[in-house]
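Novice: Input: one structure, supplied below.
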Amino acid sequence: MHETGSISVSQLSERARGIFREIVDSYLATGTPVGSRTLSRLGGLQLSPASIRNVMQDLEELGLLESPHTSAGRVPTEQGLRLFVDGMMQVAVPDSADIAAIEAQAMRAGASLEDVLARTTSALSGLAQCAAVVAAPRTEAVIRQLNLVPLGAGRALAVLVGADGGIENRVISLPEGLPRESLEQAQNYVNARLSGLTLADAAARLQAEIETGRAELDRITASLVSQGLASWSSDGAGPVLIVRGQAHLLNDVDLDRARALLEELEEKAELARLLDQARQSEAMRIFIGAETRLFALSGSSVIAAPYRGADGRVIGVVGVIGPTRLNYARVVPMVDFTANRLSRLMA
């Protein structure tokens, strides 16, 4: 997934690995620093507090542990968490109750795709006790009918009726001196030749028919149709981003960091770019703290996995966002299952 500087698990002694694992497990469970005396009481290490302190000092010098404030205990650094996630974590099998909760939302009959995605994302958020996000492909509008109504002063109202019954209006600018009959001609052309096509396909057909001389439109009218299609197409750029469960972030013991994370989540464009990295890699990605520019301030983690359409291509991403103190072993398979379930839904 990610390389941890020049340190690998194999470079740590068995004793150092055991102590490091205990510290990380305890920190992820409690969120509090772990001291040598606490570790010695666990019994499994069978080491004195002094011996444990020496190893903890070595791990700190390697950049895997740090001591917050004046505490005698240690917590894993972001680099340490990366080493743990990539080389030591034992991923659990998704819990049957978690699976059932996600399945219940992904199988809702009669609901729209966006509603199913929103409900599934909410279920994942509740189970992980984090914010959850899904980047869904934006559904392309399919043209049923176009009406052009002159408004005067070089403007017209364009009314696009989609195949799904949706209606969208645009006020468009008209070329100077455009005859009234040109509006009617453009409207008739769209309804006769482009009805039933997506906006992208309609624009491609228009261009092809202009080039082959099959479009019975003059240059100005053809330009009017082309510009109108382009204005609708640009509105559909980018994925639909659904974020649920931000309130879970306020459960973090560090409220200042939680507030910073909530502010970062408002940067939807940056969040979409981050999720696009998981989309492009076509595999689950785990981003920890400052590894992402977006969440560097709050020191948060993102676990994201792509899901696929009927043709097997990646079409979206689902994931969770929370503090670096996530239960990675439980949340990673949960996100993976949700992505697989959405892939089956899309297929």
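How things are named: the first chain in the structure tokens is A, the next is B, and so on; residues count from 1 in each chain; ligands count from 1 in the order shown.
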Excluding Gly63 in chain A and residues on its chain fewer than 2 positions from it, collect all residues at most 10 Å away from it, counting only C-alpha atoms, and give them as a list in words.

Specialist: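 Once the adjacent positions are removed, what remains is Gly5, Ile7, Gln57, Asp58, Leu59, Glu60, Glu61, Leu65, Glu66, Pro76, Thr77, Glu78, Gln79 and Gly80 of chain A.
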
Novice: Which residues are close to Val317 in chain A, i.e. within 12 Å by only C-alpha atoms, leaving aside same-chain residues fewer than 5 positions away? Reply as a PDB file with N, CA, C and O atoms, in the first residue's frame.

Specialist:
```
ATOM      1  N   LEU A 117     -27.369   4.604  -2.455  1.00  0.00           N
ATOM      2  CA  LEU A 117     -25.991   4.950  -2.120  1.00  0.00           C
ATOM      3  C   LEU A 117     -25.932   5.762  -0.830  1.00  0.00           C
ATOM      4  O   LEU A 117     -25.074   5.526   0.028  1.00  0.00           O
ATOM      5  N   THR A 121     -24.211   4.438   2.583  1.00  0.00           N
ATOM      6  CA  THR A 121     -23.153   5.252   3.176  1.00  0.00           C
ATOM      7  C   THR A 121     -23.474   5.568   4.633  1.00  0.00           C
ATOM      8  O   THR A 121     -22.594   5.528   5.499  1.00  0.00           O
ATOM      9  N   ALA A 132     -18.681   8.840   6.591  1.00  0.00           N
ATOM     10  CA  ALA A 132     -18.534   7.956   5.439  1.00  0.00           C
ATOM     11  C   ALA A 132     -18.849   8.751   4.187  1.00  0.00           C
ATOM     12  O   ALA A 132     -19.631   9.715   4.217  1.00  0.00           O
ATOM     13  N   VAL A 133     -18.227   8.376   3.098  1.00  0.00           N
ATOM     14  CA  VAL A 133     -18.378   9.128   1.857  1.00  0.00           C
ATOM     15  C   VAL A 133     -18.459   8.167   0.681  1.00  0.00           C
ATOM     16  O   VAL A 133     -17.830   7.107   0.683  1.00  0.00           O
ATOM     17  N   VAL A 134     -19.251   8.537  -0.307  1.00  0.00           N
ATOM     18  CA  VAL A 134     -19.282   7.778  -1.557  1.00  0.00           C
ATOM     19  C   VAL A 134     -19.231   8.772  -2.715  1.00  0.00           C
ATOM     20  O   VAL A 134     -19.895   9.809  -2.685  1.00  0.00           O
ATOM     21  N   ALA A 135     -18.383   8.479  -3.679  1.00  0.00           N
ATOM     22  CA  ALA A 135     -18.325   9.253  -4.920  1.00  0.00           C
ATOM     23  C   ALA A 135     -19.024   8.415  -5.975  1.00  0.00           C
ATOM     24  O   ALA A 135     -18.565   7.316  -6.302  1.00  0.00           O
ATOM     25  N   ALA A 136     -20.164   8.907  -6.444  1.00  0.00           N
ATOM     26  CA  ALA A 136     -20.974   8.144  -7.384  1.00  0.00           C
ATOM     27  C   ALA A 136     -20.929   8.787  -8.763  1.00  0.00           C
ATOM     28  O   ALA A 136     -20.832  10.009  -8.873  1.00  0.00           O
ATOM     29  N   PRO A 137     -20.992   7.974  -9.816  1.00  0.00           N
ATOM     30  CA  PRO A 137     -21.005   8.564 -11.157  1.00  0.00           C
ATOM     31  C   PRO A 137     -22.265   9.376 -11.349  1.00  0.00           C
ATOM     32  O   PRO A 137     -23.355   8.977 -10.929  1.00  0.00           O
ATOM     33  N   PRO A 239     -18.183  13.859 -10.166  1.00  0.00           N
ATOM     34  CA  PRO A 239     -19.034  12.864  -9.512  1.00  0.00           C
ATOM     35  C   PRO A 239     -20.001  13.500  -8.524  1.00  0.00           C
ATOM     36  O   PRO A 239     -19.831  14.638  -8.105  1.00  0.00           O
ATOM     37  N   VAL A 240     -21.024  12.734  -8.169  1.00  0.00           N
ATOM     38  CA  VAL A 240     -21.904  13.113  -7.060  1.00  0.00           C
ATOM     39  C   VAL A 240     -21.203  12.671  -5.777  1.00  0.00           C
ATOM     40  O   VAL A 240     -20.798  11.514  -5.644  1.00  0.00           O
ATOM     41  N   LEU A 241     -21.036  13.591  -4.846  1.00  0.00           N
ATOM     42  CA  LEU A 241     -20.330  13.288  -3.602  1.00  0.00           C
ATOM     43  C   LEU A 241     -21.336  13.275  -2.455  1.00  0.00           C
ATOM     44  O   LEU A 241     -21.998  14.278  -2.196  1.00  0.00           O
ATOM     45  N   ILE A 242     -21.460  12.136  -1.785  1.00  0.00           N
ATOM     46  CA  ILE A 242     -22.402  11.998  -0.672  1.00  0.00           C
ATOM     47  C   ILE A 242     -21.593  11.760   0.604  1.00  0.00           C
ATOM     48  O   ILE A 242     -20.817  10.803   0.679  1.00  0.00           O
ATOM     49  N   VAL A 243     -21.743  12.632   1.593  1.00  0.00           N
ATOM     50  CA  VAL A 243     -21.037  12.492   2.872  1.00  0.00           C
ATOM     51  C   VAL A 243     -22.083  12.326   3.970  1.00  0.00           C
ATOM     52  O   VAL A 243     -23.037  13.094   4.048  1.00  0.00           O
ATOM     53  N   LEU A 271     -11.770  16.857  -1.513  1.00  0.00           N
ATOM     54  CA  LEU A 271     -12.176  15.500  -1.128  1.00  0.00           C
ATOM     55  C   LEU A 271     -12.376  14.635  -2.367  1.00  0.00           C
ATOM     56  O   LEU A 271     -11.964  13.470  -2.396  1.00  0.00           O
ATOM     57  N   ALA A 272     -12.987  15.205  -3.388  1.00  0.00           N
ATOM     58  CA  ALA A 272     -13.191  14.451  -4.633  1.00  0.00           C
ATOM     59  C   ALA A 272     -11.858  14.083  -5.259  1.00  0.00           C
ATOM     60  O   ALA A 272     -11.688  12.967  -5.776  1.00  0.00           O
ATOM     61  N   ARG A 273     -10.878  14.996  -5.204  1.00  0.00           N
ATOM     62  CA  ARG A 273      -9.556  14.698  -5.772  1.00  0.00           C
ATOM     63  C   ARG A 273      -8.868  13.582  -4.984  1.00  0.00           C
ATOM     64  O   ARG A 273      -8.194  12.725  -5.563  1.00  0.00           O
ATOM     65  N   LEU A 274      -9.037  13.598  -3.661  1.00  0.00           N
ATOM     66  CA  LEU A 274      -8.443  12.554  -2.833  1.00  0.00           C
ATOM     67  C   LEU A 274      -9.041  11.190  -3.174  1.00  0.00           C
ATOM     68  O   LEU A 274      -8.315  10.203  -3.365  1.00  0.00           O
ATOM     69  N   LEU A 275     -10.362  11.122  -3.273  1.00  0.00           N
ATOM     70  CA  LEU A 275     -11.015   9.857  -3.591  1.00  0.00           C
ATOM     71  C   LEU A 275     -10.630   9.383  -4.989  1.00  0.00           C
ATOM     72  O   LEU A 275     -10.599   8.180  -5.260  1.00  0.00           O
ATOM     73  N   ASP A 276     -10.326  10.326  -5.872  1.00  0.00           N
ATOM     74  CA  ASP A 276      -9.946   9.954  -7.232  1.00  0.00           C
ATOM     75  C   ASP A 276      -8.626   9.170  -7.239  1.00  0.00           C
ATOM     76  O   ASP A 276      -8.379   8.378  -8.143  1.00  0.00           O
ATOM     77  N   GLN A 277      -7.786   9.388  -6.225  1.00  0.00           N
ATOM     78  CA  GLN A 277      -6.547   8.605  -6.133  1.00  0.00           C
ATOM     79  C   GLN A 277      -6.854   7.133  -5.903  1.00  0.00           C
ATOM     80  O   GLN A 277      -6.195   6.248  -6.453  1.00  0.00           O
ATOM     81  N   ALA A 278      -7.864   6.853  -5.066  1.00  0.00           N
ATOM     82  CA  ALA A 278      -8.279   5.465  -4.859  1.00  0.00           C
ATOM     83  C   ALA A 278      -8.916   4.908  -6.124  1.00  0.00           C
ATOM     84  O   ALA A 278      -8.718   3.746  -6.480  1.00  0.00           O
ATOM     85  N   ARG A 279      -9.666   5.739  -6.807  1.00  0.00           N
ATOM     86  CA  ARG A 279     -10.307   5.316  -8.052  1.00  0.00           C
ATOM     87  C   ARG A 279      -9.265   4.932  -9.104  1.00  0.00           C
ATOM     88  O   ARG A 279      -9.385   3.902  -9.774  1.00  0.00           O
ATOM     89  N   GLN A 280      -8.229   5.753  -9.227  1.00  0.00           N
ATOM     90  CA  GLN A 280      -7.216   5.502 -10.249  1.00  0.00           C
ATOM     91  C   GLN A 280      -6.354   4.283  -9.920  1.00  0.00           C
ATOM     92  O   GLN A 280      -5.873   3.595 -10.810  1.00  0.00           O
ATOM     93  N   SER A 281      -6.143   4.024  -8.637  1.00  0.00           N
ATOM     94  CA  SER A 281      -5.316   2.876  -8.273  1.00  0.00           C
ATOM     95  C   SER A 281      -6.081   1.565  -8.403  1.00  0.00           C
ATOM     96  O   SER A 281      -5.486   0.495  -8.413  1.00  0.00           O
ATOM     97  N   GLU A 282      -7.420   1.653  -8.500  1.00  0.00           N
ATOM     98  CA  GLU A 282      -8.296   0.492  -8.657  1.00  0.00           C
ATOM     99  C   GLU A 282      -8.142  -0.510  -7.523  1.00  0.00           C
ATOM    100  O   GLU A 282      -8.390  -1.702  -7.684  1.00  0.00           O
ATOM    101  N   ALA A 283      -7.712  -0.064  -6.355  1.00  0.00           N
ATOM    102  CA  ALA A 283      -7.573  -0.946  -5.186  1.00  0.00           C
ATOM    103  C   ALA A 283      -7.789  -0.091  -3.940  1.00  0.00           C
ATOM    104  O   ALA A 283      -7.753   1.134  -3.998  1.00  0.00           O
ATOM    105  N   MET A 284      -8.029  -0.760  -2.814  1.00  0.00           N
ATOM    106  CA  MET A 284      -8.227  -0.026  -1.577  1.00  0.00           C
ATOM    107  C   MET A 284      -6.998   0.808  -1.245  1.00  0.00           C
ATOM    108  O   MET A 284      -5.864   0.373  -1.414  1.00  0.00           O
ATOM    109  N   ARG A 285      -7.254   2.017  -0.759  1.00  0.00           N
ATOM    110  CA  ARG A 285      -6.177   2.887  -0.323  1.00  0.00           C
ATOM    111  C   ARG A 285      -6.442   3.318   1.117  1.00  0.00           C
ATOM    112  O   ARG A 285      -7.583   3.578   1.496  1.00  0.00           O
ATOM    113  N   VAL A 302      -8.148   8.151   6.081  1.00  0.00           N
ATOM    114  CA  VAL A 302      -9.174   7.831   5.091  1.00  0.00           C
ATOM    115  C   VAL A 302      -8.933   6.402   4.612  1.00  0.00           C
ATOM    116  O   VAL A 302      -7.809   6.041   4.259  1.00  0.00           O
ATOM    117  N   ILE A 303      -9.990   5.601   4.639  1.00  0.00           N
ATOM    118  CA  ILE A 303      -9.942   4.252   4.073  1.00  0.00           C
ATOM    119  C   ILE A 303     -10.944   4.234   2.936  1.00  0.00           C
ATOM    120  O   ILE A 303     -12.137   4.444   3.154  1.00  0.00           O
ATOM    121  N   ALA A 304     -10.479   4.039   1.715  1.00  0.00           N
ATOM    122  CA  ALA A 304     -11.356   4.156   0.545  1.00  0.00           C
ATOM    123  C   ALA A 304     -11.127   2.999  -0.412  1.00  0.00           C
ATOM    124  O   ALA A 304      -9.985   2.572  -0.623  1.00  0.00           O
ATOM    125  N   ALA A 305     -12.218   2.503  -1.001  1.00  0.00           N
ATOM    126  CA  ALA A 305     -12.130   1.393  -1.952  1.00  0.00           C
ATOM    127  C   ALA A 305     -13.012   1.695  -3.158  1.00  0.00           C
ATOM    128  O   ALA A 305     -14.118   2.224  -3.008  1.00  0.00           O
ATOM    129  N   PRO A 306     -12.541   1.371  -4.357  1.00  0.00           N
ATOM    130  CA  PRO A 306     -13.351   1.615  -5.556  1.00  0.00           C
ATOM    131  C   PRO A 306     -14.414   0.537  -5.731  1.00  0.00           C
ATOM    132  O   PRO A 306     -14.264  -0.583  -5.248  1.00  0.00           O
ATOM    133  N   TYR A 307     -15.500   0.890  -6.414  1.00  0.00           N
ATOM    134  CA  TYR A 307     -16.480  -0.120  -6.823  1.00  0.00           C
ATOM    135  C   TYR A 307     -16.687  -0.005  -8.326  1.00  0.00           C
ATOM    136  O   TYR A 307     -16.345   1.005  -8.934  1.00  0.00           O
ATOM    137  N   ARG A 308     -17.247  -1.058  -8.919  1.00  0.00           N
ATOM    138  CA  ARG A 308     -17.241  -1.193 -10.375  1.00  0.00           C
ATOM    139  C   ARG A 308     -18.644  -1.296 -10.958  1.00  0.00           C
ATOM    140  O   ARG A 308     -19.594  -1.667 -10.267  1.00  0.00           O
ATOM    141  N   GLY A 309     -18.730  -0.986 -12.251  1.00  0.00           N
ATOM    142  CA  GLY A 309     -19.992  -1.094 -12.966  1.00  0.00           C
ATOM    143  C   GLY A 309     -20.128  -2.451 -13.618  1.00  0.00           C
ATOM    144  O   GLY A 309     -19.305  -3.356 -13.420  1.00  0.00           O
ATOM    145  N   VAL A 335     -15.227  -1.634   4.782  1.00  0.00           N
ATOM    146  CA  VAL A 335     -15.213  -0.804   3.576  1.00  0.00           C
ATOM    147  C   VAL A 335     -15.093  -1.681   2.339  1.00  0.00           C
ATOM    148  O   VAL A 335     -15.767  -1.461   1.322  1.00  0.00           O
ATOM    149  N   ASP A 336     -14.243  -2.693   2.411  1.00  0.00           N
ATOM    150  CA  ASP A 336     -14.053  -3.603   1.286  1.00  0.00           C
ATOM    151  C   ASP A 336     -15.360  -4.314   0.938  1.00  0.00           C
ATOM    152  O   ASP A 336     -15.730  -4.429  -0.234  1.00  0.00           O
ATOM    153  N   THR A 338     -18.417  -3.260   1.590  1.00  0.00           N
ATOM    154  CA  THR A 338     -19.355  -2.281   1.049  1.00  0.00           C
ATOM    155  C   THR A 338     -19.059  -2.005  -0.421  1.00  0.00           C
ATOM    156  O   THR A 338     -19.979  -1.919  -1.252  1.00  0.00           O
ATOM    157  N   ALA A 339     -17.784  -1.864  -0.769  1.00  0.00           N
ATOM    158  CA  ALA A 339     -17.409  -1.637  -2.164  1.00  0.00           C
ATOM    159  C   ALA A 339     -17.828  -2.814  -3.040  1.00  0.00           C
ATOM    160  O   ALA A 339     -18.359  -2.627  -4.136  1.00  0.00           O
ATOM    161  N   ASN A 340     -17.598  -4.034  -2.557  1.00  0.00           N
ATOM    162  CA  ASN A 340     -17.987  -5.218  -3.321  1.00  0.00           C
ATOM    163  C   ASN A 340     -19.502  -5.283  -3.480  1.00  0.00           C
ATOM    164  O   ASN A 340     -20.020  -5.686  -4.526  1.00  0.00           O
ATOM    165  N   LEU A 342     -21.608  -2.736  -3.498  1.00  0.00           N
ATOM    166  CA  LEU A 342     -22.020  -1.727  -4.472  1.00  0.00           C
ATOM    167  C   LEU A 342     -21.704  -2.175  -5.898  1.00  0.00           C
ATOM    168  O   LEU A 342     -22.455  -1.888  -6.834  1.00  0.00           O
ATOM    169  N   SER A 343     -20.597  -2.894  -6.067  1.00  0.00           N
ATOM    170  CA  SER A 343     -20.254  -3.425  -7.401  1.00  0.00           C
ATOM    171  C   SER A 343     -21.321  -4.407  -7.858  1.00  0.00           C
ATOM    172  O   SER A 343     -21.736  -4.397  -9.037  1.00  0.00           O
TER     173      SER A 343
END
```

Novice: Mind pulling up the distance from CA of Leu261 in chain A to CA of Ala106 in chain A?

Specialist: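 Going from CA of Ala106 in chain A over to CA of Leu261 in chain A covers 27.8 Å.
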
Novice: Please report, as a PyMOL selection string, each residue of range 42-266 of chain A to which DSSP assigns strand (DSSP E) when run on this structure's backbone.

Specialist: chain A and resi 65-66+75-76+131-136+143-152+155-162+167-173+240-244

Novice: Tell me which of A:Ala222, A:Leu157, A:Ser195, A:Ile99 sits closest to Ala208 in chain A, counting only C-alpha atoms.

Specialist: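 Among the listed residues, the smallest separation from Ala208 in chain A belongs to A:Ala222.
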